Amino acid sequence: MTPPEPVDDSDPPLTVDVRLLPAAVAAWIAALVVVRVSPDAALTGAAAGLVLVLGALVVGRAGARGRAPRWLHVIGPVLALALVAGSAVLGGGAGQTAARADGLLPVLAREGSVGTVQGIVVAEPTVVPPAWPGAPEGVRCLLAVDRVTAGGRTSGATGRVLVLGPSSWTSVPYGARVSGAGRVRPGEPGSRTVAVLLSSGAPELVRLPAGSDVAAAVFRDGIGSLAARLPGDAGALLPGVTVGDTSTVPADLTAALRTAGLTHVTAVSGAHFSLVAALVLALASALRLPRAARVGLTLAAMACMVLVVHPSPSVLRAATMGLVAVLGILLGRPHRAPAALAATVVVLLVADPWLAAELGFVLSVLATGGLVLLGGPLAERWAPTCGRPVATALALPVAAQLVCAPVILLLTPTVALYAVPANVLVAPAIAPATVLGLAAGCVAPWWGEGAQVLSLGAGAACWWIGAVARVAAAAPGAHVAWVPGWAGVALLTVAGGCALRLLVVRRASGRG
């Protein structure tokens with residue numbers, strides 16, 4: 001009698017489209033290169049990439065007539081897309097770096113000369129601690145500069161200038177057009193900041209902020225006023241959880257959040273935009289609106305969120321990643337999310353190649369990729385044991401931690417031992433804190449009592465987040481020392497891969 005065949009109860013393979021992954025990797029490498037080389041060199045690289053693509057097309061056509069191997073038909077288009085993506089980033093980045101190198105601004109930076117810059121305030125002024133005891137406090141302010149004057153000459157300019165000035169710069173509102181004079185220094189090579197202005201005088205207000213920026217400021221101020229009435233960690237975290245304002249978070253709580261792996265809670269990330277989009281989608285579905293209306297309302301809500309928290313590159317990146325996260329829900333095709341993520345990375349790097357070197361962008365892409373690739377399999381694996389809701393709640397932080405931990409290790413050679421349980425514990429509080437906080441800010445201008453009630457609910461959720469962070473940070477072994485540098489990154493990556501295999505893949509079992 002023939003024994004029965006062994007039964008394979010392993011999980012089915014991931015049916016996701018990852019053909020655009022090489023294109024995203026090529027775009028990322030090109031973005032890291034293009035901001036550090038001359039525009040001519042970048043254009044030469046872009047042209048070489050396109051020539052290779054044309055050559056590959058000619059070879060592929062000839063191979064098709066000669067019945068080329070099957071692997072060439074599979075790999076050829078993938079390599080062609082990667083070359084096109086890399087060439088697009090090199091070409092687009094060359095244009096941007098050439099614009100930054102034009103005009104008086106780079107000349108003043110190289111010579112360390114004195115000049116006057118004029119531009120739009122694109123980041124809230126922040127106070128800088130004194131350089132030595134007894135020295136006056138300074139202020140950091142970021143300007144998107146478009147005009148430079150020096151030595152009786154005036155020219156246009158492109159790029160962002162970091163202003164280090166006296167306390168008078170704190171009064172500059174976001175979105176205002178201002179002018180400031182001082183000595184110009186070059187920025188870090190390859191950084192987004194093209195120059196640094198060392199100013200010793202007060203700024204000149206050229207134009208007030210636009211109406212949309214004023215409305216956003218009123219909203220943020222309303223949340224700040226509501227948070228000021230809440231005690232302790234509740235009031236400190238509310239502005240950060242809702243609009244990313246961490247100016248009221250004390251140093252000890254900031255350290256506790258970092259130790260517990262919860263710093264993402266107070267940073268406007270793709271999760272914030274995904275949450276807002278999911279809420280709008282749920283309300284629109286309850287009203288039985290058509291799909292076009294649901295998509296329009298979702299995009300409008302995310303645009304308002306961008307306006308409120310200020311459209312900085314990191315916020316625009318987070319909004320885009322949040323849009324990718326809900327793309328599967330909107331289109332009903334979640335298996336296409338990895339391809340959408342890869343395409344989004346390419347588009348973002350073509351528009352802004354400086355994102356490639358920013359840690360926030362790296363973590364955002366990794367976290368989003370981990371959620372769309374690993375979150376589902378982990379939840380499926382654990383659902384029979386603990387149920388779908390609990391399995392999903394556990395899968396999301398585990399997936400994000402597995403892919404992000406090696407990168408975080410570059411900042412500090414330690415591993416947050418309680419990051420996963422801390423994220424699981426605070427997960428139920430993030431949605432109420434964000435949604436109730438935003439709702440309180442919306443009704444504050446016309447219904448103060450209702451806003452106060454909503455802020456109490458949001459404050460209770462924020463208190464829980466702070467309590468979990470402090471308990472996790474104070475627990476024994478909260479941070480485990482790890483091998484520093486790239487060796488530690490490689491070791492932790494291998495360890496994470498082994499853990500993932502143990503968590504997801506089931507062994508085949510035989511019968512008989």
# chains A, B, ... in the order shown; residues from 1 in each chain; ligands from 1
>>> select_by_dssp(residues="region 270-360 of chain A", states="alpha helix (DSSP H)", output="MDAnalysis selection string")
chainID A and resid 270:286 291:309 313:331 337:351 359:360
>>> residues_around(residues="Thr266 (chain A)", least_positions_apart="4", cutoff="8 Å", atoms="only C-alpha atoms", output="tab-separated table (two decimals) with all heavy atoms, in the first residue's frame")
chain	number	residue	atom	x	y	z
A	237	LEU	N	1.76	65.93	25.55
A	237	LEU	CA	1.74	65.09	24.35
A	237	LEU	C	0.65	65.46	23.36
A	237	LEU	O	0.76	65.12	22.18
A	237	LEU	CB	1.57	63.62	24.74
A	237	LEU	CG	2.77	62.94	25.39
A	237	LEU	CD1	2.42	61.53	25.83
A	237	LEU	CD2	3.95	62.90	24.44
A	240	GLY	N	1.71	67.21	20.13
A	240	GLY	CA	2.55	66.36	19.31
A	240	GLY	C	1.78	65.26	18.63
A	240	GLY	O	2.02	64.95	17.46
A	241	VAL	N	0.85	64.64	19.33
A	241	VAL	CA	0.08	63.54	18.76
A	241	VAL	C	-0.84	64.04	17.65
A	241	VAL	O	-1.07	63.32	16.66
A	241	VAL	CB	-0.73	62.84	19.87
A	241	VAL	CG1	-1.70	61.82	19.28
A	241	VAL	CG2	0.21	62.15	20.85
A	242	THR	N	-1.35	65.25	17.78
A	242	THR	CA	-2.32	65.75	16.80
A	242	THR	C	-1.66	66.46	15.62
A	242	THR	O	-1.96	66.17	14.47
A	242	THR	CB	-3.31	66.71	17.48
A	242	THR	OG1	-2.58	67.71	18.22
A	242	THR	CG2	-4.22	65.96	18.43
A	244	GLY	N	1.97	67.27	15.52
A	244	GLY	CA	3.41	67.14	15.46
A	244	GLY	C	4.20	68.20	16.17
A	244	GLY	O	5.41	68.32	15.95
A	245	ASP	N	3.57	69.00	17.03
A	245	ASP	CA	4.26	70.06	17.78
A	245	ASP	C	4.81	69.47	19.07
A	245	ASP	O	4.05	69.22	20.02
A	245	ASP	CB	3.29	71.21	18.06
A	245	ASP	CG	3.96	72.36	18.81
A	245	ASP	OD1	5.20	72.31	18.99
A	245	ASP	OD2	3.25	73.30	19.20
A	246	THR	N	6.11	69.27	19.13
A	246	THR	CA	6.75	68.65	20.31
A	246	THR	C	7.42	69.67	21.21
A	246	THR	O	8.22	69.30	22.07
A	246	THR	CB	7.78	67.61	19.86
A	246	THR	OG1	8.77	68.25	19.04
A	246	THR	CG2	7.13	66.50	19.06
>>> residues_around(residues="Leu363 (chain A)", least_positions_apart="4", cutoff="7 Å", atoms="only C-alpha atoms", output="short mmCIF file (atom, residue, chain, number, x, y, z; two decimals) with all heavy atoms, in the first residue's frame")
data_model
loop_
_atom_site.label_atom_id
_atom_site.label_comp_id
_atom_site.auth_asym_id
_atom_site.auth_seq_id
_atom_site.Cartn_x
_atom_site.Cartn_y
_atom_site.Cartn_z
N LEU A 359 16.72 60.22 7.51
CA LEU A 359 16.36 59.03 8.29
C LEU A 359 14.85 58.84 8.33
O LEU A 359 14.36 57.70 8.27
CB LEU A 359 16.92 59.15 9.70
CG LEU A 359 16.66 57.96 10.63
CD1 LEU A 359 17.31 56.71 10.09
CD2 LEU A 359 17.15 58.26 12.04
N ALA A 367 8.90 51.09 7.18
CA ALA A 367 7.72 50.76 7.98
C ALA A 367 6.52 50.46 7.09
O ALA A 367 5.79 49.48 7.32
CB ALA A 367 7.39 51.90 8.94
N CYS A 404 12.55 48.14 10.82
CA CYS A 404 13.11 49.44 11.19
C CYS A 404 14.25 49.34 12.20
O CYS A 404 15.09 50.23 12.27
CB CYS A 404 12.03 50.36 11.75
SG CYS A 404 10.80 50.88 10.55
#
>>> residues_around(residues="Leu394 (chain A)", least_positions_apart="6", cutoff="10 Å", atoms="only C-alpha atoms", output="MDAnalysis selection string")
chainID A and resid 375 378:379 382 386 388 420:421 423:425 427
>>> write_last_selection(atoms="N, CA and C atoms", output="PDB file, in the first residue's frame")
ATOM      1  N   GLY A 375       2.777  42.491   7.496  1.00  0.00           N
ATOM      2  CA  GLY A 375       1.644  42.600   8.414  1.00  0.00           C
ATOM      3  C   GLY A 375       0.576  41.561   8.148  1.00  0.00           C
ATOM      4  N   LEU A 378       1.779  37.830   9.017  1.00  0.00           N
ATOM      5  CA  LEU A 378       1.853  37.645  10.469  1.00  0.00           C
ATOM      6  C   LEU A 378       0.459  37.532  11.077  1.00  0.00           C
ATOM      7  N   ALA A 379      -0.454  38.393  10.635  1.00  0.00           N
ATOM      8  CA  ALA A 379      -1.824  38.332  11.160  1.00  0.00           C
ATOM      9  C   ALA A 379      -2.493  37.010  10.794  1.00  0.00           C
ATOM     10  N   TRP A 382      -1.172  34.186  13.058  1.00  0.00           N
ATOM     11  CA  TRP A 382      -1.578  34.207  14.466  1.00  0.00           C
ATOM     12  C   TRP A 382      -3.083  34.221  14.680  1.00  0.00           C
ATOM     13  N   CYS A 386      -5.219  33.534  18.353  1.00  0.00           N
ATOM     14  CA  CYS A 386      -5.717  34.607  19.228  1.00  0.00           C
ATOM     15  C   CYS A 386      -6.826  35.437  18.607  1.00  0.00           C
ATOM     16  N   ARG A 388      -8.574  37.351  14.893  1.00  0.00           N
ATOM     17  CA  ARG A 388      -8.127  38.326  13.920  1.00  0.00           C
ATOM     18  C   ARG A 388      -7.811  39.701  14.525  1.00  0.00           C
ATOM     19  N   VAL A 420       8.127  46.454  21.083  1.00  0.00           N
ATOM     20  CA  VAL A 420       6.927  45.809  20.549  1.00  0.00           C
ATOM     21  C   VAL A 420       5.787  45.805  21.570  1.00  0.00           C
ATOM     22  N   PRO A 421       5.990  45.330  22.815  1.00  0.00           N
ATOM     23  CA  PRO A 421       4.878  45.390  23.767  1.00  0.00           C
ATOM     24  C   PRO A 421       4.425  46.810  24.058  1.00  0.00           C
ATOM     25  N   ASN A 423       4.409  49.342  21.935  1.00  0.00           N
ATOM     26  CA  ASN A 423       3.591  49.766  20.802  1.00  0.00           C
ATOM     27  C   ASN A 423       2.242  49.080  20.804  1.00  0.00           C
ATOM     28  N   VAL A 424       2.209  47.816  21.219  1.00  0.00           N
ATOM     29  CA  VAL A 424       0.925  47.114  21.310  1.00  0.00           C
ATOM     30  C   VAL A 424       0.032  47.768  22.359  1.00  0.00           C
ATOM     31  N   LEU A 425       0.611  48.170  23.481  1.00  0.00           N
ATOM     32  CA  LEU A 425      -0.177  48.769  24.558  1.00  0.00           C
ATOM     33  C   LEU A 425      -0.714  50.147  24.185  1.00  0.00           C
ATOM     34  N   ALA A 427      -1.234  51.233  21.082  1.00  0.00           N
ATOM     35  CA  ALA A 427      -1.977  51.237  19.818  1.00  0.00           C
ATOM     36  C   ALA A 427      -3.451  51.616  19.986  1.00  0.00           C
TER      37      ALA A 427
END
>>> closest_residue(among="A:Ala267, A:Ala282, A:Gly232, A:Val365", to="Ala460 (chain A)", atoms="only C-alpha atoms")
A:Gly232
>>> residues_around(residues="Val453 (chain A)", least_positions_apart="2", cutoff="12 Å", atoms="only C-alpha atoms", output="MDAnalysis selection string")
chainID A and resid 226:227 229:230 436:437 439:441 443:444 447:451 455:460
>>> write_last_selection(atoms="N, CA and C atoms", output="PDB file, in the first residue's frame")
ATOM      1  N   LEU A 226      -5.900  74.323  24.441  1.00  0.00           N
ATOM      2  CA  LEU A 226      -6.588  73.204  25.083  1.00  0.00           C
ATOM      3  C   LEU A 226      -5.605  72.317  25.834  1.00  0.00           C
ATOM      4  N   ALA A 227      -4.420  72.105  25.243  1.00  0.00           N
ATOM      5  CA  ALA A 227      -3.423  71.264  25.892  1.00  0.00           C
ATOM      6  C   ALA A 227      -2.893  71.909  27.173  1.00  0.00           C
ATOM      7  N   ARG A 229      -4.449  73.364  29.393  1.00  0.00           N
ATOM      8  CA  ARG A 229      -5.377  73.138  30.511  1.00  0.00           C
ATOM      9  C   ARG A 229      -5.316  71.702  31.032  1.00  0.00           C
ATOM     10  N   LEU A 230      -4.573  70.843  30.340  1.00  0.00           N
ATOM     11  CA  LEU A 230      -4.469  69.450  30.767  1.00  0.00           C
ATOM     12  C   LEU A 230      -3.216  69.265  31.601  1.00  0.00           C
ATOM     13  N   LEU A 436      -9.767  62.641  18.467  1.00  0.00           N
ATOM     14  CA  LEU A 436     -10.409  63.562  19.403  1.00  0.00           C
ATOM     15  C   LEU A 436      -9.653  64.881  19.482  1.00  0.00           C
ATOM     16  N   GLY A 437      -8.315  64.817  19.392  1.00  0.00           N
ATOM     17  CA  GLY A 437      -7.539  66.052  19.410  1.00  0.00           C
ATOM     18  C   GLY A 437      -7.830  66.923  18.205  1.00  0.00           C
ATOM     19  N   ALA A 439     -10.543  66.794  16.371  1.00  0.00           N
ATOM     20  CA  ALA A 439     -11.932  67.258  16.489  1.00  0.00           C
ATOM     21  C   ALA A 439     -12.036  68.430  17.448  1.00  0.00           C
ATOM     22  N   ALA A 440     -11.277  68.374  18.552  1.00  0.00           N
ATOM     23  CA  ALA A 440     -11.287  69.493  19.503  1.00  0.00           C
ATOM     24  C   ALA A 440     -10.763  70.764  18.851  1.00  0.00           C
ATOM     25  N   GLY A 441      -9.709  70.647  18.039  1.00  0.00           N
ATOM     26  CA  GLY A 441      -9.200  71.823  17.350  1.00  0.00           C
ATOM     27  C   GLY A 441     -10.185  72.386  16.344  1.00  0.00           C
ATOM     28  N   VAL A 443     -13.580  72.318  16.553  1.00  0.00           N
ATOM     29  CA  VAL A 443     -14.743  72.970  17.172  1.00  0.00           C
ATOM     30  C   VAL A 443     -14.349  74.071  18.152  1.00  0.00           C
ATOM     31  N   ALA A 444     -13.057  74.181  18.479  1.00  0.00           N
ATOM     32  CA  ALA A 444     -12.630  75.170  19.478  1.00  0.00           C
ATOM     33  C   ALA A 444     -13.018  76.606  19.125  1.00  0.00           C
ATOM     34  N   TRP A 447     -17.123  76.578  19.674  1.00  0.00           N
ATOM     35  CA  TRP A 447     -17.774  75.873  20.780  1.00  0.00           C
ATOM     36  C   TRP A 447     -16.705  75.442  21.769  1.00  0.00           C
ATOM     37  N   GLY A 448     -16.377  76.336  22.676  1.00  0.00           N
ATOM     38  CA  GLY A 448     -15.301  76.086  23.611  1.00  0.00           C
ATOM     39  C   GLY A 448     -15.567  74.927  24.551  1.00  0.00           C
ATOM     40  N   GLU A 449     -16.816  74.805  25.060  1.00  0.00           N
ATOM     41  CA  GLU A 449     -17.121  73.730  26.006  1.00  0.00           C
ATOM     42  C   GLU A 449     -17.012  72.359  25.338  1.00  0.00           C
ATOM     43  N   GLY A 450     -17.516  72.245  24.128  1.00  0.00           N
ATOM     44  CA  GLY A 450     -17.405  70.970  23.421  1.00  0.00           C
ATOM     45  C   GLY A 450     -15.962  70.606  23.141  1.00  0.00           C
ATOM     46  N   ALA A 451     -15.157  71.603  22.768  1.00  0.00           N
ATOM     47  CA  ALA A 451     -13.744  71.349  22.535  1.00  0.00           C
ATOM     48  C   ALA A 451     -13.046  70.884  23.800  1.00  0.00           C
ATOM     49  N   SER A 455     -11.098  67.426  24.249  1.00  0.00           N
ATOM     50  CA  SER A 455      -9.689  67.434  24.639  1.00  0.00           C
ATOM     51  C   SER A 455      -9.443  66.585  25.879  1.00  0.00           C
ATOM     52  N   LEU A 456     -10.430  66.465  26.738  1.00  0.00           N
ATOM     53  CA  LEU A 456     -10.275  65.586  27.902  1.00  0.00           C
ATOM     54  C   LEU A 456     -10.127  64.129  27.469  1.00  0.00           C
ATOM     55  N   GLY A 457     -10.946  63.723  26.495  1.00  0.00           N
ATOM     56  CA  GLY A 457     -10.816  62.365  25.983  1.00  0.00           C
ATOM     57  C   GLY A 457      -9.467  62.146  25.311  1.00  0.00           C
ATOM     58  N   ALA A 458      -9.040  63.115  24.491  1.00  0.00           N
ATOM     59  CA  ALA A 458      -7.736  63.000  23.849  1.00  0.00           C
ATOM     60  C   ALA A 458      -6.614  63.024  24.883  1.00  0.00           C
ATOM     61  N   GLY A 459      -6.766  63.854  25.926  1.00  0.00           N
ATOM     62  CA  GLY A 459      -5.757  63.931  26.971  1.00  0.00           C
ATOM     63  C   GLY A 459      -5.634  62.632  27.752  1.00  0.00           C
ATOM     64  N   ALA A 460      -6.744  61.965  27.983  1.00  0.00           N
ATOM     65  CA  ALA A 460      -6.683  60.679  28.686  1.00  0.00           C
ATOM     66  C   ALA A 460      -5.879  59.664  27.868  1.00  0.00           C
TER      67      ALA A 460
END
>>> residues_around(residues="region 120-131 of chain A", least_positions_apart="6", cutoff="6 Å", atoms="only C-alpha atoms", output="PyMOL selection string")
chain A and resi 137-144+170+174-177
>>> write_last_selection(atoms="all heavy atoms", output="compact mmCIF listing (two decimals), in the first residue's frame")
# COMPACT_ATOMS: atom_id res chain seq x y z
N GLU A 137 20.23 83.33 24.25
CA GLU A 137 19.65 82.26 23.45
C GLU A 137 19.56 82.69 21.98
O GLU A 137 19.37 83.86 21.67
CB GLU A 137 18.25 81.90 23.95
CG GLU A 137 18.24 81.20 25.30
CD GLU A 137 16.84 80.81 25.72
OE1 GLU A 137 15.88 81.44 25.22
OE2 GLU A 137 16.70 79.88 26.54
N GLY A 138 19.73 81.74 21.12
CA GLY A 138 19.59 81.99 19.69
C GLY A 138 18.32 81.38 19.15
O GLY A 138 17.57 80.70 19.86
N VAL A 139 18.06 81.59 17.88
CA VAL A 139 16.85 81.09 17.22
C VAL A 139 17.24 80.50 15.87
O VAL A 139 18.06 81.08 15.14
CB VAL A 139 15.80 82.21 17.05
CG1 VAL A 139 14.61 81.71 16.25
CG2 VAL A 139 15.36 82.75 18.39
N ARG A 140 16.68 79.34 15.57
CA ARG A 140 16.82 78.71 14.26
C ARG A 140 15.56 78.96 13.45
O ARG A 140 14.45 78.76 13.95
CB ARG A 140 17.05 77.21 14.38
CG ARG A 140 18.35 76.82 15.06
CD ARG A 140 18.32 75.35 15.45
NE ARG A 140 18.03 74.51 14.32
CZ ARG A 140 18.94 73.90 13.57
NH1 ARG A 140 20.22 74.04 13.86
NH2 ARG A 140 18.59 73.14 12.56
N CYS A 141 15.74 79.37 12.21
CA CYS A 141 14.60 79.62 11.33
C CYS A 141 14.99 79.19 9.92
O CYS A 141 16.13 79.40 9.49
CB CYS A 141 14.22 81.09 11.35
SG CYS A 141 12.72 81.50 10.43
N LEU A 142 14.07 78.60 9.21
CA LEU A 142 14.35 78.08 7.86
C LEU A 142 13.57 78.90 6.83
O LEU A 142 12.36 79.06 6.94
CB LEU A 142 13.95 76.60 7.78
CG LEU A 142 14.50 75.80 6.60
CD1 LEU A 142 16.02 75.78 6.63
CD2 LEU A 142 13.95 74.39 6.62
N LEU A 143 14.30 79.40 5.84
CA LEU A 143 13.70 80.20 4.78
C LEU A 143 13.85 79.51 3.44
O LEU A 143 14.93 78.98 3.13
CB LEU A 143 14.37 81.58 4.69
CG LEU A 143 14.36 82.49 5.92
CD1 LEU A 143 15.03 83.81 5.58
CD2 LEU A 143 12.94 82.73 6.40
N ALA A 144 12.80 79.53 2.64
CA ALA A 144 12.87 79.16 1.23
C ALA A 144 13.20 80.44 0.46
O ALA A 144 12.33 81.26 0.18
CB ALA A 144 11.56 78.55 0.75
N THR A 170 12.09 84.92 16.82
CA THR A 170 10.99 84.07 17.30
C THR A 170 9.62 84.62 16.92
O THR A 170 8.65 83.88 16.89
CB THR A 170 11.07 83.92 18.83
OG1 THR A 170 11.07 85.22 19.44
CG2 THR A 170 12.32 83.17 19.25
N TYR A 174 5.02 81.57 10.66
CA TYR A 174 5.16 80.62 9.56
C TYR A 174 4.42 81.15 8.34
O TYR A 174 3.30 81.64 8.42
CB TYR A 174 4.61 79.26 9.96
CG TYR A 174 4.66 78.24 8.86
CD1 TYR A 174 5.77 77.42 8.70
CD2 TYR A 174 3.61 78.10 7.96
CE1 TYR A 174 5.84 76.49 7.68
CE2 TYR A 174 3.66 77.18 6.93
CZ TYR A 174 4.78 76.38 6.79
OH TYR A 174 4.83 75.47 5.77
N GLY A 175 5.05 81.02 7.17
CA GLY A 175 4.43 81.45 5.93
C GLY A 175 4.66 82.89 5.58
O GLY A 175 4.29 83.33 4.48
N ALA A 176 5.26 83.67 6.47
CA ALA A 176 5.52 85.08 6.19
C ALA A 176 6.72 85.23 5.26
O ALA A 176 7.62 84.38 5.24
CB ALA A 176 5.75 85.84 7.48
N ARG A 177 6.72 86.31 4.53
CA ARG A 177 7.89 86.63 3.69
C ARG A 177 8.74 87.63 4.46
O ARG A 177 8.26 88.72 4.82
CB ARG A 177 7.45 87.20 2.34
CG ARG A 177 8.59 87.48 1.39
CD ARG A 177 8.08 87.93 0.03
NE ARG A 177 9.19 88.11 -0.91
CZ ARG A 177 9.74 87.14 -1.61
NH1 ARG A 177 9.27 85.91 -1.49
NH2 ARG A 177 10.74 87.36 -2.43
>>> residues_around(residues="region 210-217 of chain A", least_positions_apart="5", cutoff="9 Å", atoms="only C-alpha atoms", output="list in words")
Pro173, Tyr174, Gly175, Ala176, Gly222, Cys304, Leu307, Val308, Val309 and His310 of chain A
>>> write_last_selection(atoms="C-alpha atoms", output="mmCIF file, in the first residue's frame")
data_model
loop_
_atom_site.group_PDB
_atom_site.id
_atom_site.type_symbol
_atom_site.label_atom_id
_atom_site.label_comp_id
_atom_site.auth_asym_id
_atom_site.auth_seq_id
_atom_site.Cartn_x
_atom_site.Cartn_y
_atom_site.Cartn_z
ATOM 1 C CA PRO A 173 5.199 83.708 11.751
ATOM 2 C CA TYR A 174 5.165 80.623 9.562
ATOM 3 C CA GLY A 175 4.429 81.447 5.928
ATOM 4 C CA ALA A 176 5.517 85.079 6.188
ATOM 5 C CA GLY A 222 -6.386 76.347 19.636
ATOM 6 C CA CYS A 304 -6.164 69.860 5.167
ATOM 7 C CA LEU A 307 -1.867 72.411 5.725
ATOM 8 C CA VAL A 308 -2.337 72.201 9.478
ATOM 9 C CA VAL A 309 0.971 70.500 10.239
ATOM 10 C CA HIS A 310 2.811 72.567 7.548
#
>>> select_by_dssp(residues="region 62-126 of chain A", states="strand (DSSP E or B)", output="short mmCIF file (atom, residue, chain, number, x, y, z; two decimals) with all heavy atoms, in the first residue's frame")
data_model
loop_
_atom_site.label_atom_id
_atom_site.label_comp_id
_atom_site.auth_asym_id
_atom_site.auth_seq_id
_atom_site.Cartn_x
_atom_site.Cartn_y
_atom_site.Cartn_z
N VAL A 114 29.00 88.91 3.43
CA VAL A 114 27.77 89.42 4.04
C VAL A 114 26.76 89.71 2.95
O VAL A 114 27.11 90.25 1.88
CB VAL A 114 28.07 90.70 4.86
CG1 VAL A 114 26.78 91.32 5.39
CG2 VAL A 114 29.02 90.39 6.01
N GLY A 115 25.51 89.39 3.17
CA GLY A 115 24.46 89.64 2.22
C GLY A 115 23.10 89.65 2.88
O GLY A 115 22.97 89.41 4.09
N THR A 116 22.09 89.94 2.09
CA THR A 116 20.71 89.97 2.57
C THR A 116 19.89 88.98 1.76
O THR A 116 19.93 88.99 0.52
CB THR A 116 20.09 91.38 2.41
OG1 THR A 116 20.87 92.31 3.16
CG2 THR A 116 18.67 91.40 2.93
N VAL A 117 19.18 88.10 2.45
CA VAL A 117 18.35 87.10 1.78
C VAL A 117 16.89 87.40 2.06
O VAL A 117 16.55 87.97 3.10
CB VAL A 117 18.70 85.67 2.25
CG1 VAL A 117 20.15 85.35 1.99
CG2 VAL A 117 18.39 85.49 3.73
N GLN A 118 16.06 87.01 1.12
CA GLN A 118 14.61 87.22 1.27
C GLN A 118 13.89 85.95 0.83
O GLN A 118 14.23 85.35 -0.21
CB GLN A 118 14.16 88.40 0.42
CG GLN A 118 12.70 88.79 0.66
CD GLN A 118 12.32 90.04 -0.13
OE1 GLN A 118 11.37 90.02 -0.92
NE2 GLN A 118 13.06 91.12 0.08
N GLY A 119 12.92 85.53 1.64
CA GLY A 119 12.20 84.31 1.31
C GLY A 119 11.06 84.05 2.25
O GLY A 119 10.72 84.89 3.11
N ILE A 120 10.45 82.87 2.13
CA ILE A 120 9.28 82.48 2.91
C ILE A 120 9.72 81.61 4.08
O ILE A 120 10.56 80.71 3.93
CB ILE A 120 8.28 81.69 2.03
CG1 ILE A 120 7.91 82.51 0.79
CG2 ILE A 120 7.03 81.34 2.83
CD1 ILE A 120 7.18 83.80 1.08
N VAL A 121 9.16 81.85 5.24
CA VAL A 121 9.43 81.04 6.43
C VAL A 121 8.73 79.69 6.25
O VAL A 121 7.51 79.63 6.14
CB VAL A 121 8.95 81.73 7.71
CG1 VAL A 121 9.22 80.86 8.93
CG2 VAL A 121 9.61 83.09 7.87
N VAL A 122 9.51 78.61 6.23
CA VAL A 122 8.96 77.28 5.95
C VAL A 122 9.11 76.34 7.14
O VAL A 122 8.86 75.14 7.01
CB VAL A 122 9.61 76.66 4.70
CG1 VAL A 122 9.20 77.42 3.46
CG2 VAL A 122 11.13 76.60 4.84
N ALA A 123 9.49 76.84 8.29
CA ALA A 123 9.56 76.04 9.50
C ALA A 123 9.41 76.97 10.70
O ALA A 123 9.89 78.11 10.68
CB ALA A 123 10.88 75.27 9.60
N GLU A 124 8.71 76.49 11.72
CA GLU A 124 8.50 77.30 12.91
C GLU A 124 9.85 77.64 13.55
O GLU A 124 10.70 76.77 13.73
CB GLU A 124 7.65 76.53 13.93
CG GLU A 124 6.25 76.19 13.44
CD GLU A 124 5.31 77.38 13.48
OE1 GLU A 124 5.72 78.45 13.98
OE2 GLU A 124 4.17 77.24 13.01
N PRO A 125 10.09 78.93 13.88
CA PRO A 125 11.33 79.28 14.57
C PRO A 125 11.44 78.54 15.91
O PRO A 125 10.46 78.43 16.65
CB PRO A 125 11.21 80.79 14.78
CG PRO A 125 10.21 81.24 13.76
CD PRO A 125 9.25 80.12 13.60
N THR A 126 12.62 78.03 16.19
CA THR A 126 12.86 77.30 17.44
C THR A 126 14.03 77.92 18.18
O THR A 126 15.00 78.39 17.56
CB THR A 126 13.15 75.81 17.16
OG1 THR A 126 14.27 75.71 16.28
CG2 THR A 126 11.95 75.13 16.53
#
>>> atom_distance(atom1="CA of Leu355 (chain A)", atom2="CA of Gly112 (chain A)")
27.2 Å
>>> atom_distance(atom1="CA of Glu380 (chain A)", atom2="CA of Thr493 (chain A)")
23.0 Å
>>> closest_residue(among="A:Ala31, A:Cys462, A:Leu52, A:Ala109", to="Pro231 (chain A)", atoms="only C-alpha atoms")
A:Cys462
>>> decode(residues="region 294-299 of chain A", atoms="N, CA, C and O atoms", output="tab-separated table (two decimals), in the first residue's frame")
chain	number	residue	atom	x	y	z
A	294	ARG	N	-15.90	59.41	-2.25
A	294	ARG	CA	-15.07	58.96	-1.13
A	294	ARG	C	-13.61	59.30	-1.37
A	294	ARG	O	-12.91	59.76	-0.46
A	295	VAL	N	-13.15	59.08	-2.61
A	295	VAL	CA	-11.76	59.41	-2.92
A	295	VAL	C	-11.52	60.91	-2.79
A	295	VAL	O	-10.52	61.35	-2.23
A	296	GLY	N	-12.47	61.72	-3.30
A	296	GLY	CA	-12.31	63.17	-3.22
A	296	GLY	C	-12.29	63.67	-1.79
A	296	GLY	O	-11.45	64.53	-1.43
A	297	LEU	N	-13.19	63.16	-0.95
A	297	LEU	CA	-13.20	63.59	0.45
A	297	LEU	C	-11.93	63.15	1.17
A	297	LEU	O	-11.40	63.89	2.01
A	298	THR	N	-11.44	61.97	0.86
A	298	THR	CA	-10.21	61.49	1.50
A	298	THR	C	-9.03	62.37	1.14
A	298	THR	O	-8.23	62.77	1.99
A	299	LEU	N	-8.91	62.70	-0.14
A	299	LEU	CA	-7.81	63.56	-0.57
A	299	LEU	C	-7.93	64.96	0.04
A	299	LEU	O	-6.93	65.57	0.43
